Amino acid sequence: MKKRKKTGLIFFPAFDWAISPTHPEREERLLYTQDQVFEEGLMDFDNIVEYKPGLATVEDINRVHVCVPDARRVITESHLISAGGAITAAKKVLEGEVDNAFALVRPPGHHAMRIVHGARGFCNINIEAIMIEYIRRHYGIKRIAIVDTDCHHGDGTQDIYWHDPNTLFISMHQDGRTLYPGSGFVDEFGGPNAVGMTVNIPLPPRTSDEGFLYALENVVLPILEEFKPELVINSAGQDNHYSDPITNMRFSAQGYAVLNDRLSPHIAVLEGGYSIEKALPYVNVGIILAMAGLDYSAVREPDYNPAALQQSEAITTHIHRTVDEIMRRWYHRREIAEAFRGKARYLKRRRHIYYDTDGISEEQEETVRVCDDCGGLILIDSRADTGRRIFAVIVPGMACERCRKEGEVFFEEIGKGKYHQVFFQDRDRDVYLVK
Amino acid sequence: MILGIDVGGTHTDAVVISDHQIQSKAKVLTDAGNIMGSLIEATEAVMRDIDPAALRRVVLSTTISTNAIVQGKTEAVGIIAAAGPGLPPALISPRAETRFVSGYINHRGLEAAPIDEGEIRRCAREFKEGGIAYAGVVGKFSTRNPSHELKIRDLITDGFRHISLGHRLSGHLNFPRRLATTYLNSAIWGLYENFVRAVTAFVERQGIKVPIYILKADGGTIEIGRSVDYPVQTILSGPAASIMGILSMTGGRDDAVALDIGGTTTDIALFADGVPLLEALGVTIEGHKTLIRGLRTRSIGVGGDSAVRLDGGRLEVGPRREGPAAALGGPCPTPTDAMIVLGLTDIGDRQKARHSLEPLAAALGCAVEEAARAVFGETVRRIAEAVRSFTEEINNRPVYTIHEMLEGKKIEPRIVYVVGGPAQGLAPALGKALECPYHIPENAEVANAVGAALARTTAEVTILADTERRFLTVGEMGLQMEIPGRFSKEDAIRIGRERLKETALAMGASEDELEMETVEEQEFNMVRDFYTAGKNIRVKVQIKPGLISPLGG
Ligand SMILES: [Zn+2]
Ligand SMILES: [Zn+2]
């Protein structure tokens with residue numbers, strides 16, 4: 001018999017919010033999940049406690065994002081509630097009221113990057129990142145790992161933590177050559193100051209439970225073991241399910257429950273998952289039971305047929321090869337970092353970012369100060385086809401004196417010139433300035 | 001003229017009400033071994049000068065079902081559960097002989113796997129061979145589609161004295177609670193049916209020929225004949241009677257707190273705009289979490305006779321009661337003794353009260369009056385704190401829409417009603433602590449009987465309409481009907497109201513008391529493959545707890 005854990009559940013289905021009436025992110029999304037969770041009577045277990053979400057604030061958002069033109073203009077109340085739900089989950093865990101917590105909230109957030117001109121991949125703001133920076137601000141926790149098990153690459157979370165040596169981001173997802181957002185390859189491995197702190201595990205279409213659990217056992221768990229995070233967060237997307245209408249994987253409710261059980265995250269936050277009738281009700285019951293340390297072995301979908309879902313030999317071989325390649329990189333991350341940094345004092349990356357949900361295009365140039373003492377000062381020049389061009393000076397969390405000083409001087413000296421707005425963000429001091 | 005009787009744990013109260021006034025009242029001690037006897041005694045006392053022909057209705061609140069469960073005077077029950085995958089049987093932990101059989105219904109109300117008739121017949125046979133005379137049938141999502149429960153009942157119908165069906169007892173989703181509720185209903189069915197027969201016979205002998213009602217846990221009434229199939233709904237009617245009594249004596253329309261301060265405990269109830277709050281899913285009795293609609297109360301272990309002691313320099317009031325107040329010959333100081341010393345109440349022996357507080361005063365290094373003030377203050381503080389945390393808990397209950405999140409009703413009590421022995425002494429201080437005026441209703445000593453007498457019939461109906469599949473289910477009635485593709489939420493509400501009216505009239509309600517309200521109305525577009533395939537409509541309509549007429553005065 002396993003040990004029961006006290007699990008907090010923040011359930012907020014936002015039954016009155018949709019991106020548009022027939023959009024996958026619509027009112028109906030968690031309806032059947034609610035039915036199943038209620039019918040199974042999960043809220044009646046003494047070790048499962050339901051909490052009402054709090055509301056995140058604009059300050060919580062500005063600690064993570066640079067929203068253009070401002071936070072209020074890119075969000076709705078629903079985003080403050082889903083981010084607030086994630087924060088509530090974190091509070092309950094960190095204040096010791098519960099052992100772990102699951103924020104079963106919508107809308108999701110893992111495609112939202114640092115700079116926000118609009119919504120991409122159904123996401124406006126990154127609810128995990130907002131929660132994590134809230135945790136750092138209020139509870140002083142340093143080393144945090146995020147394991148993103150959504151079927152889509154968590155490119156927003158990756159972007160936000162690309163340069164952060166204290167945040168390990170691991171994403172398991174369907175190969176970017178076959179699915180939105182088209183990123184998340186093995187060689188995306190973190191910025192110059194955080195090499196190896198981003199780990200991507202692209203899995204081929206039609207990967208089943210076996211493949212996911214193999215990647216978990218052979219990449220995720222060993223890397224976590226070495227990183228030794230104080231807190232493990234699971235971005236618990238549920239669109240790897242075999243019945244999901246917008247992806248091509250073969251993961252099951254049992255698989256999700258086992259994964260959650262072995263990963264044992266302190267906090268899980270719902271991300272995607274659009275098989276609202278055939279998958280979500282069962283996946284969520286499985287995850288809640290697993291988190292609470294209750295027997296989930298009898299949870300399965302009505303049409304579950306493991307034989308039909310088995311992955312091919314070719315897929316198994318492919319996954320083994322990917323896993324080997326990732327671990328090779330992981331063990332050589334210091335050499336990779338040296339080669340990457342060379343003698344450069346600053347490194348630049350130029351990117352085109354598309355906001356599919358809102359149809360906005362952004363050109364972005366990001367410059368980071370190469371630094372041995374912190375994540376490095378970040379300077380961003382961003383121009384969107386909305387006509388807005390902004391500049392952002394980002395002093396990272398746990399910044400060294402040099403990076404902070406340089407950032408402050410830079411912000412003081414930069415003229416508005418061609419920019420509509422110039423932003424200054426200092427996470428440690430919770431300072432957010434706009435000129 | 002109405003006769004109301006409440007058979008409580010200690011006393012049985014009876015009142016006769018006419019023209020909004022109490023015409024006659026009586027109080028006798030309850031003989032737990034002979035509830036029928038207590039009932040008869042109280043009735044005879046209150047009816048002494050009343051012409052039975054003038055009675056319009058009789059309402060009873062009794063502990064018969066509660067006692068049966070609390071004292072384990074229940075029958076063995078065989079449960080057949082069609083649970084499907086999900087929680088393993090070990091986690092559902094039924095306290096009955098339960099067989100988990102194949103077959104189940106999914107969340108949309110569709111059959112996900114069929115039942116196996118042979119297996120069910122086998123279970124029934126085994127139950128009967130084991131001498132089990134009562135059965136229950138419970139299916140997962142049976143409120144969405146009762147066909148499995150009905151089919152199973154038809155397969156086992158011979159040979160059991162009674163078979164309870166899960167979907168008939170509540171429209172709420174919660175399989176483990178449905179199972180517990182069904183079990184309890186069957187387990188007390190025999191005893192309750194006997195009681196109903198005895199009452200009916202007695203009333204006939206008395207020459208009373210009016211409808212007789214039983215009070216339910218939700219503070220509503222049901223006609224006695226009709227109640228036979230739902231004995232479990234009559235548990236915990238005592239606290240419900242008390243709350244309805246307070247309501248009848250105050251007629252408040254505001255948010256309010258009601259405190260029933262007894263010897264050992266204080267029961268707290270809340271009113272939202274004058275309506276008593278219901279439990280979200282159902283009441284809990286003897287560790288059984290059920291789907292029985294019931295008034296939401298909170299009980300704390302602080303009362304007039306609570307034992308007072310010092311624990312490491314800290315003053316502790318309750319939760320134990322060692323006996324009556326020292327002033328009345330009890331063994332230790334109590335809040336009542338403190339109130340006697342402070343001149344807030346005038347019962348018993350004042351010297352004994354002072355004397356009991358002396359050791360406490362010595363330990364605290366203060367005068368007896370000061371010790372009494374400390375005890376009194378702590379008693380008030382504990383009760384006020386419990387009221388605040390209860391209110392906060394209700395105001396922080398989870399909600400599922402942005403609208404409710406941002407605009408949801410918050411309860412802010414504007415008045416506190418206090419009943420019970422120590423009410424006079426405590427009420428002013430409690431009002432002060434809760435920052436609102438207080439009110440002590442008249443005739444509070446028979447509040448329960450008055451509450452029973454004046455309660456109206458309550459009922460609830462749950463509707464799920466699915467326009468993709470073109471059918472509608474009325475959970476509690478086990479009814480499924482076809483609907484046209486063009487079917488709106490308003491149509492569902494209309495059908496809900498019709499069915500609610502039908503249900504309430506069958507339970508003995510009269511046309512003029514059918515104050516119906518819609519408590520839940522949701523309509524979702526069901527989108528499949530990016531097209532709207534239909535609507536999923538959920539509606540709950542109810543007749544909320546209330547009074548057929550208030551008490552004047
Ligand atoms: Zn996704
Ligand atoms: Zn630095």
# chains A, B, ... in the order shown; residues from 1 in each chain; ligands from 1
$ interface_residues --of "chain A" --to "chain B" --cutoff "7 Å" --atoms "only C-alpha atoms" --output "ChimeraX atom specification"
/A:12-16,22,27-28,32,35-36,38-41,51-52,78,296,298-300,302
$ residues_near_ligand --ligand "ligand 2" --cutoff "8 Å" --atoms "only C-alpha atoms and all ligand atoms" --output "PyMOL selection string"
chain A and resi 369-377+399-404
$ write_last_selection --atoms "N, CA and C atoms" --output "CSV table (one decimal), in the first residue's frame"
chain,number,residue,atom,x,y,z
A,369,ARG,N,24.1,39.2,-22.0
A,369,ARG,CA,25.5,39.4,-21.5
A,369,ARG,C,26.0,38.0,-21.0
A,370,VAL,N,27.2,37.6,-21.6
A,370,VAL,CA,27.7,36.3,-21.1
A,370,VAL,C,28.3,36.5,-19.7
A,371,CYS,N,27.8,35.7,-18.8
A,371,CYS,CA,28.1,35.9,-17.4
A,371,CYS,C,28.3,34.6,-16.7
A,372,ASP,N,29.3,34.5,-15.8
A,372,ASP,CA,29.5,33.3,-15.0
A,372,ASP,C,28.8,33.4,-13.7
A,373,ASP,N,28.3,34.6,-13.4
A,373,ASP,CA,27.8,34.7,-12.0
A,373,ASP,C,26.2,34.8,-11.9
A,374,CYS,N,25.6,34.9,-13.1
A,374,CYS,CA,24.1,34.9,-13.1
A,374,CYS,C,23.6,34.6,-14.5
A,375,GLY,N,22.3,34.7,-14.7
A,375,GLY,CA,21.7,34.4,-16.0
A,375,GLY,C,22.0,35.4,-17.0
A,376,GLY,N,22.6,36.5,-16.6
A,376,GLY,CA,23.0,37.5,-17.6
A,376,GLY,C,21.9,38.6,-17.9
A,377,LEU,N,22.4,39.8,-18.1
A,377,LEU,CA,21.5,40.9,-18.5
A,377,LEU,C,21.0,40.6,-19.9
A,399,ALA,N,20.4,38.2,-10.0
A,399,ALA,CA,21.4,38.8,-10.9
A,399,ALA,C,22.7,39.2,-10.1
A,400,CYS,N,23.8,39.2,-10.8
A,400,CYS,CA,25.0,39.6,-10.2
A,400,CYS,C,25.1,41.1,-10.3
A,401,GLU,N,26.0,41.7,-9.5
A,401,GLU,CA,26.1,43.2,-9.4
A,401,GLU,C,26.3,43.8,-10.8
A,402,ARG,N,27.3,43.2,-11.5
A,402,ARG,CA,27.7,43.7,-12.8
A,402,ARG,C,26.5,43.8,-13.8
A,403,CYS,N,25.8,42.7,-13.9
A,403,CYS,CA,24.6,42.7,-14.8
A,403,CYS,C,23.6,43.7,-14.4
A,404,ARG,N,23.3,43.8,-13.1
A,404,ARG,CA,22.3,44.8,-12.7
A,404,ARG,C,22.7,46.2,-13.0
$ residues_near_ligand --ligand "ligand 1" --cutoff "6 Å" --atoms "only C-alpha atoms and all ligand atoms" --output "ChimeraX atom specification"
/A:150-152,237,239,272
$ residues_around --residues "segment 90-97 of chain A" --least-positions-apart "2" --cutoff "8 Å" --atoms "only C-alpha atoms" --output "PDB file with all heavy atoms, in the first residue's frame"
ATOM      1  N   GLY A   8      -3.778  19.210  -2.829  1.00  0.00           N
ATOM      2  CA  GLY A   8      -4.664  20.357  -3.038  1.00  0.00           C
ATOM      3  C   GLY A   8      -5.126  20.367  -4.487  1.00  0.00           C
ATOM      4  O   GLY A   8      -4.350  20.081  -5.386  1.00  0.00           O
ATOM      5  N   ALA A  86      -2.820  28.784 -10.274  1.00  0.00           N
ATOM      6  CA  ALA A  86      -1.499  28.170 -10.168  1.00  0.00           C
ATOM      7  C   ALA A  86      -0.782  28.707  -8.925  1.00  0.00           C
ATOM      8  O   ALA A  86      -0.163  27.947  -8.167  1.00  0.00           O
ATOM      9  CB  ALA A  86      -0.688  28.454 -11.430  1.00  0.00           C
ATOM     10  N   ILE A  87      -0.920  29.995  -8.686  1.00  0.00           N
ATOM     11  CA  ILE A  87      -0.282  30.589  -7.502  1.00  0.00           C
ATOM     12  C   ILE A  87      -0.896  30.008  -6.222  1.00  0.00           C
ATOM     13  O   ILE A  87      -0.183  29.676  -5.274  1.00  0.00           O
ATOM     14  CB  ILE A  87      -0.418  32.131  -7.529  1.00  0.00           C
ATOM     15  CG1 ILE A  87       0.487  32.704  -8.630  1.00  0.00           C
ATOM     16  CG2 ILE A  87      -0.081  32.737  -6.169  1.00  0.00           C
ATOM     17  CD1 ILE A  87       0.331  34.202  -8.861  1.00  0.00           C
ATOM     18  N   THR A  88      -2.211  29.854  -6.216  1.00  0.00           N
ATOM     19  CA  THR A  88      -2.865  29.260  -5.043  1.00  0.00           C
ATOM     20  C   THR A  88      -2.311  27.858  -4.779  1.00  0.00           C
ATOM     21  O   THR A  88      -2.014  27.491  -3.637  1.00  0.00           O
ATOM     22  CB  THR A  88      -4.393  29.191  -5.246  1.00  0.00           C
ATOM     23  OG1 THR A  88      -4.872  30.509  -5.508  1.00  0.00           O
ATOM     24  CG2 THR A  88      -5.099  28.638  -4.020  1.00  0.00           C
ATOM     25  N   ASP A  99       0.736  18.361   0.607  1.00  0.00           N
ATOM     26  CA  ASP A  99       2.028  17.837   0.135  1.00  0.00           C
ATOM     27  C   ASP A  99       2.276  18.223  -1.312  1.00  0.00           C
ATOM     28  O   ASP A  99       3.403  18.427  -1.738  1.00  0.00           O
ATOM     29  CB  ASP A  99       2.054  16.313   0.256  1.00  0.00           C
ATOM     30  CG  ASP A  99       1.899  15.866   1.698  1.00  0.00           C
ATOM     31  OD1 ASP A  99       2.559  16.468   2.561  1.00  0.00           O
ATOM     32  OD2 ASP A  99       1.097  14.946   1.969  1.00  0.00           O
ATOM     33  N   ASN A 100       1.205  18.228  -2.091  1.00  0.00           N
ATOM     34  CA  ASN A 100       1.327  18.609  -3.494  1.00  0.00           C
ATOM     35  C   ASN A 100      -0.004  19.199  -3.944  1.00  0.00           C
ATOM     36  O   ASN A 100      -0.991  19.143  -3.204  1.00  0.00           O
ATOM     37  CB  ASN A 100       1.735  17.406  -4.363  1.00  0.00           C
ATOM     38  CG  ASN A 100       0.779  16.235  -4.217  1.00  0.00           C
ATOM     39  OD1 ASN A 100      -0.408  16.410  -3.952  1.00  0.00           O
ATOM     40  ND2 ASN A 100       1.282  15.024  -4.384  1.00  0.00           N
ATOM     41  N   ALA A 101      -0.007  19.789  -5.137  1.00  0.00           N
ATOM     42  CA  ALA A 101      -1.254  20.421  -5.579  1.00  0.00           C
ATOM     43  C   ALA A 101      -1.350  20.392  -7.096  1.00  0.00           C
ATOM     44  O   ALA A 101      -0.340  20.370  -7.802  1.00  0.00           O
ATOM     45  CB  ALA A 101      -1.333  21.859  -5.077  1.00  0.00           C
ATOM     46  N   MET A 131       3.664  31.734 -11.718  1.00  0.00           N
ATOM     47  CA  MET A 131       3.660  31.041 -10.426  1.00  0.00           C
ATOM     48  C   MET A 131       5.087  30.901  -9.891  1.00  0.00           C
ATOM     49  O   MET A 131       5.345  31.156  -8.704  1.00  0.00           O
ATOM     50  CB  MET A 131       3.033  29.666 -10.611  1.00  0.00           C
ATOM     51  CG  MET A 131       3.145  28.775  -9.397  1.00  0.00           C
ATOM     52  SD  MET A 131       2.533  27.113  -9.724  1.00  0.00           S
ATOM     53  CE  MET A 131       3.945  26.399 -10.520  1.00  0.00           C
ATOM     54  N   ILE A 135       6.683  32.323  -6.487  1.00  0.00           N
ATOM     55  CA  ILE A 135       7.304  31.461  -5.463  1.00  0.00           C
ATOM     56  C   ILE A 135       8.666  32.036  -5.068  1.00  0.00           C
ATOM     57  O   ILE A 135       9.000  32.141  -3.882  1.00  0.00           O
ATOM     58  CB  ILE A 135       7.489  30.031  -6.017  1.00  0.00           C
ATOM     59  CG1 ILE A 135       6.135  29.335  -6.192  1.00  0.00           C
ATOM     60  CG2 ILE A 135       8.405  29.208  -5.116  1.00  0.00           C
ATOM     61  CD1 ILE A 135       6.210  27.999  -6.917  1.00  0.00           C
ATOM     62  N   TYR A 139       8.806  33.096  -1.394  1.00  0.00           N
ATOM     63  CA  TYR A 139       9.268  31.986  -0.555  1.00  0.00           C
ATOM     64  C   TYR A 139      10.770  31.740  -0.687  1.00  0.00           C
ATOM     65  O   TYR A 139      11.293  30.805  -0.082  1.00  0.00           O
ATOM     66  CB  TYR A 139       8.480  30.707  -0.872  1.00  0.00           C
ATOM     67  CG  TYR A 139       7.001  30.869  -0.639  1.00  0.00           C
ATOM     68  CD1 TYR A 139       6.142  31.200  -1.682  1.00  0.00           C
ATOM     69  CD2 TYR A 139       6.464  30.724   0.646  1.00  0.00           C
ATOM     70  CE1 TYR A 139       4.787  31.380  -1.471  1.00  0.00           C
ATOM     71  CE2 TYR A 139       5.103  30.894   0.873  1.00  0.00           C
ATOM     72  CZ  TYR A 139       4.267  31.227  -0.197  1.00  0.00           C
ATOM     73  OH  TYR A 139       2.934  31.394   0.026  1.00  0.00           O
ATOM     74  N   HIS A 266       5.681  18.490  -7.183  1.00  0.00           N
ATOM     75  CA  HIS A 266       5.060  19.199  -6.063  1.00  0.00           C
ATOM     76  C   HIS A 266       3.801  19.912  -6.528  1.00  0.00           C
ATOM     77  O   HIS A 266       2.823  20.011  -5.812  1.00  0.00           O
ATOM     78  CB  HIS A 266       6.034  20.235  -5.487  1.00  0.00           C
ATOM     79  CG  HIS A 266       7.251  19.627  -4.893  1.00  0.00           C
ATOM     80  ND1 HIS A 266       8.419  19.439  -5.595  1.00  0.00           N
ATOM     81  CD2 HIS A 266       7.464  19.117  -3.664  1.00  0.00           C
ATOM     82  CE1 HIS A 266       9.309  18.865  -4.813  1.00  0.00           C
ATOM     83  NE2 HIS A 266       8.762  18.655  -3.643  1.00  0.00           N
ATOM     84  N   ILE A 267       3.904  20.445  -7.757  1.00  0.00           N
ATOM     85  CA  ILE A 267       2.762  21.185  -8.298  1.00  0.00           C
ATOM     86  C   ILE A 267       2.554  20.761  -9.744  1.00  0.00           C
ATOM     87  O   ILE A 267       3.522  20.688 -10.511  1.00  0.00           O
ATOM     88  CB  ILE A 267       3.019  22.704  -8.263  1.00  0.00           C
ATOM     89  CG1 ILE A 267       3.338  23.159  -6.825  1.00  0.00           C
ATOM     90  CG2 ILE A 267       1.824  23.483  -8.808  1.00  0.00           C
ATOM     91  CD1 ILE A 267       4.076  24.470  -6.765  1.00  0.00           C
TER      92      ILE A 267
END
$ select_by_dssp --residues "segment 40-75 of chain B" --states "strand (DSSP E or B)" --output "PyMOL selection string"
chain B and resi 57-61
$ write_last_selection --atoms "N, CA, C and O atoms" --output "PDB file, in the first residue's frame"
ATOM      1  N   ARG B  57     -53.475  20.103   9.263  1.00  0.00           N
ATOM      2  CA  ARG B  57     -52.357  19.202   8.958  1.00  0.00           C
ATOM      3  C   ARG B  57     -51.555  18.876  10.199  1.00  0.00           C
ATOM      4  O   ARG B  57     -51.607  19.583  11.202  1.00  0.00           O
ATOM      5  N   VAL B  58     -50.806  17.772  10.098  1.00  0.00           N
ATOM      6  CA  VAL B  58     -49.942  17.329  11.193  1.00  0.00           C
ATOM      7  C   VAL B  58     -48.540  17.136  10.623  1.00  0.00           C
ATOM      8  O   VAL B  58     -48.398  16.512   9.561  1.00  0.00           O
ATOM      9  N   VAL B  59     -47.541  17.691  11.294  1.00  0.00           N
ATOM     10  CA  VAL B  59     -46.174  17.484  10.825  1.00  0.00           C
ATOM     11  C   VAL B  59     -45.308  16.932  11.952  1.00  0.00           C
ATOM     12  O   VAL B  59     -45.316  17.443  13.068  1.00  0.00           O
ATOM     13  N   LEU B  60     -44.568  15.900  11.616  1.00  0.00           N
ATOM     14  CA  LEU B  60     -43.734  15.200  12.583  1.00  0.00           C
ATOM     15  C   LEU B  60     -42.267  15.325  12.232  1.00  0.00           C
ATOM     16  O   LEU B  60     -41.895  15.157  11.079  1.00  0.00           O
ATOM     17  N   SER B  61     -41.469  15.579  13.249  1.00  0.00           N
ATOM     18  CA  SER B  61     -40.031  15.473  13.052  1.00  0.00           C
ATOM     19  C   SER B  61     -39.569  14.445  14.071  1.00  0.00           C
ATOM     20  O   SER B  61     -39.868  14.586  15.248  1.00  0.00           O
TER      21      SER B  61
END
$ closest_residue --among "B:Val302, B:Ile188, B:Leu155, B:Ile415" --to "Gln71 of chain B" --atoms "only C-alpha atoms"
B:Ile188
$ residues_around --residues "Gly263 of chain B" --least-positions-apart "3" --cutoff "8 Å" --atoms "only C-alpha atoms" --output "PDB file with N, CA and C atoms, in the first residue's frame"
ATOM      1  N   VAL B 302     -19.021  23.662  22.446  1.00  0.00           N
ATOM      2  CA  VAL B 302     -19.093  24.695  23.485  1.00  0.00           C
ATOM      3  C   VAL B 302     -20.568  24.914  23.812  1.00  0.00           C
ATOM      4  N   GLY B 303     -20.937  24.755  25.081  1.00  0.00           N
ATOM      5  CA  GLY B 303     -22.317  24.977  25.488  1.00  0.00           C
ATOM      6  C   GLY B 303     -22.343  25.468  26.922  1.00  0.00           C
ATOM      7  N   GLY B 304     -23.532  25.663  27.457  1.00  0.00           N
ATOM      8  CA  GLY B 304     -23.693  26.206  28.802  1.00  0.00           C
ATOM      9  C   GLY B 304     -23.067  25.323  29.874  1.00  0.00           C
ATOM     10  N   ASP B 305     -23.050  24.012  29.636  1.00  0.00           N
ATOM     11  CA  ASP B 305     -22.530  23.090  30.650  1.00  0.00           C
ATOM     12  C   ASP B 305     -21.122  22.598  30.328  1.00  0.00           C
ATOM     13  N   SER B 306     -20.462  23.198  29.343  1.00  0.00           N
ATOM     14  CA  SER B 306     -19.107  22.750  28.992  1.00  0.00           C
ATOM     15  C   SER B 306     -18.198  22.836  30.211  1.00  0.00           C
ATOM     16  N   ARG B 321     -18.531  17.689  28.541  1.00  0.00           N
ATOM     17  CA  ARG B 321     -19.500  18.114  29.548  1.00  0.00           C
ATOM     18  C   ARG B 321     -19.407  17.065  30.639  1.00  0.00           C
ATOM     19  N   PRO B 324     -24.186  18.876  34.858  1.00  0.00           N
ATOM     20  CA  PRO B 324     -24.784  20.216  34.817  1.00  0.00           C
ATOM     21  C   PRO B 324     -23.831  21.249  35.428  1.00  0.00           C
ATOM     22  N   GLY B 421     -30.855  27.237  26.228  1.00  0.00           N
ATOM     23  CA  GLY B 421     -30.817  27.579  27.655  1.00  0.00           C
ATOM     24  C   GLY B 421     -30.036  28.855  27.955  1.00  0.00           C
TER      25      GLY B 421
END
$ residues_around --residues "Val341 of chain B" --least-positions-apart "3" --cutoff "9 Å" --atoms "only C-alpha atoms" --output "number ranges by chain"
B: 336-338, 344-345, 350-351, 353-354, 357, 368-369, 372-373
$ residues_around --residues "Pro359 of chain B" --least-positions-apart "6" --cutoff "10 Å" --atoms "only C-alpha atoms" --output "CSV table (one decimal) with all heavy atoms, in the first residue's frame"
chain,number,residue,atom,x,y,z
B,309,ARG,N,-11.6,24.4,32.3
B,309,ARG,CA,-10.4,24.1,33.0
B,309,ARG,C,-9.3,24.9,32.5
B,309,ARG,O,-9.4,25.5,31.4
B,309,ARG,CB,-10.1,22.6,32.9
B,309,ARG,CG,-9.8,22.1,31.5
B,309,ARG,CD,-10.0,20.6,31.3
B,309,ARG,NE,-10.1,20.4,29.9
B,309,ARG,CZ,-9.0,20.2,29.2
B,309,ARG,NH1,-7.8,20.2,29.8
B,309,ARG,NH2,-9.0,20.0,27.9
B,310,LEU,N,-8.2,24.9,33.3
B,310,LEU,CA,-7.0,25.5,32.8
B,310,LEU,C,-6.0,24.5,32.2
B,310,LEU,O,-5.8,23.4,32.8
B,310,LEU,CB,-6.3,26.2,34.0
B,310,LEU,CG,-6.7,27.6,34.3
B,310,LEU,CD1,-5.9,28.1,35.5
B,310,LEU,CD2,-6.5,28.6,33.1
B,333,PRO,N,-16.7,23.9,37.2
B,333,PRO,CA,-17.2,25.2,36.7
B,333,PRO,C,-17.6,25.1,35.3
B,333,PRO,O,-17.0,24.3,34.5
B,333,PRO,CB,-16.1,26.1,37.0
B,333,PRO,CG,-14.8,25.3,37.0
B,333,PRO,CD,-15.3,23.9,37.6
B,365,GLY,N,-4.7,34.0,39.6
B,365,GLY,CA,-4.3,35.1,40.4
B,365,GLY,C,-5.2,36.3,40.3
B,365,GLY,O,-4.8,37.5,40.2
B,368,VAL,N,-12.7,36.3,41.8
B,368,VAL,CA,-13.7,35.3,41.2
B,368,VAL,C,-14.4,36.0,40.1
B,368,VAL,O,-14.7,35.4,39.0
B,368,VAL,CB,-14.6,34.8,42.3
B,368,VAL,CG1,-15.8,34.0,41.6
B,368,VAL,CG2,-13.9,33.9,43.3
B,371,ALA,N,-12.3,36.0,37.1
B,371,ALA,CA,-12.2,34.7,36.5
B,371,ALA,C,-13.5,34.4,35.7
B,371,ALA,O,-13.5,33.8,34.6
B,371,ALA,CB,-12.0,33.6,37.5
$ residues_around --residues "Ile75 of chain A" --least-positions-apart "6" --cutoff "9 Å" --atoms "only C-alpha atoms" --output "ChimeraX atom specification"
/A:118-119,124-125
$ write_last_selection --atoms "all heavy atoms" --output "compact mmCIF listing (two decimals), in the first residue's frame"
# COMPACT_ATOMS: atom_id res chain seq x y z
N GLY A 118 0.47 39.34 -27.99
CA GLY A 118 -0.88 38.79 -28.15
C GLY A 118 -0.86 37.32 -27.75
O GLY A 118 0.04 36.88 -27.03
N ALA A 119 -1.87 36.56 -28.23
CA ALA A 119 -1.98 35.15 -27.83
C ALA A 119 -1.35 34.25 -28.87
O ALA A 119 -1.54 34.44 -30.07
CB ALA A 119 -3.45 34.79 -27.63
N ASN A 124 -1.95 33.41 -23.52
CA ASN A 124 -1.63 34.84 -23.47
C ASN A 124 -0.49 35.10 -22.50
O ASN A 124 0.46 35.81 -22.81
CB ASN A 124 -2.85 35.65 -23.02
CG ASN A 124 -3.98 35.56 -24.01
OD1 ASN A 124 -4.40 34.46 -24.38
ND2 ASN A 124 -4.48 36.70 -24.46
N ILE A 125 -0.62 34.53 -21.30
CA ILE A 125 0.45 34.69 -20.32
C ILE A 125 0.83 33.32 -19.79
O ILE A 125 0.01 32.39 -19.79
CB ILE A 125 0.02 35.61 -19.14
CG1 ILE A 125 -1.31 35.15 -18.55
CG2 ILE A 125 -0.04 37.06 -19.60
CD1 ILE A 125 -1.69 35.86 -17.28
$ closest_residue --among "B:Asn145, B:Thr518, B:Thr391, B:Ser170" --to "Phe471 of chain B" --atoms "only C-alpha atoms"
B:Asn145
$ closest_residue --among "B:Ile243, B:Met47, B:Leu169, B:Ile17" --to "Leu281 of chain B" --atoms "only C-alpha atoms"
B:Leu169
$ atom_distance --atom1 "atom CA of Tyr438 of chain B" --atom2 "atom CA of Gly4 of chain B"
26.6 Å
$ select_by_dssp --residues "segment 264-399 of chain B" --states "helix (DSSP H, G or I)" --output "ChimeraX atom specification"
/B:326-328,335-341,350-364,368-395
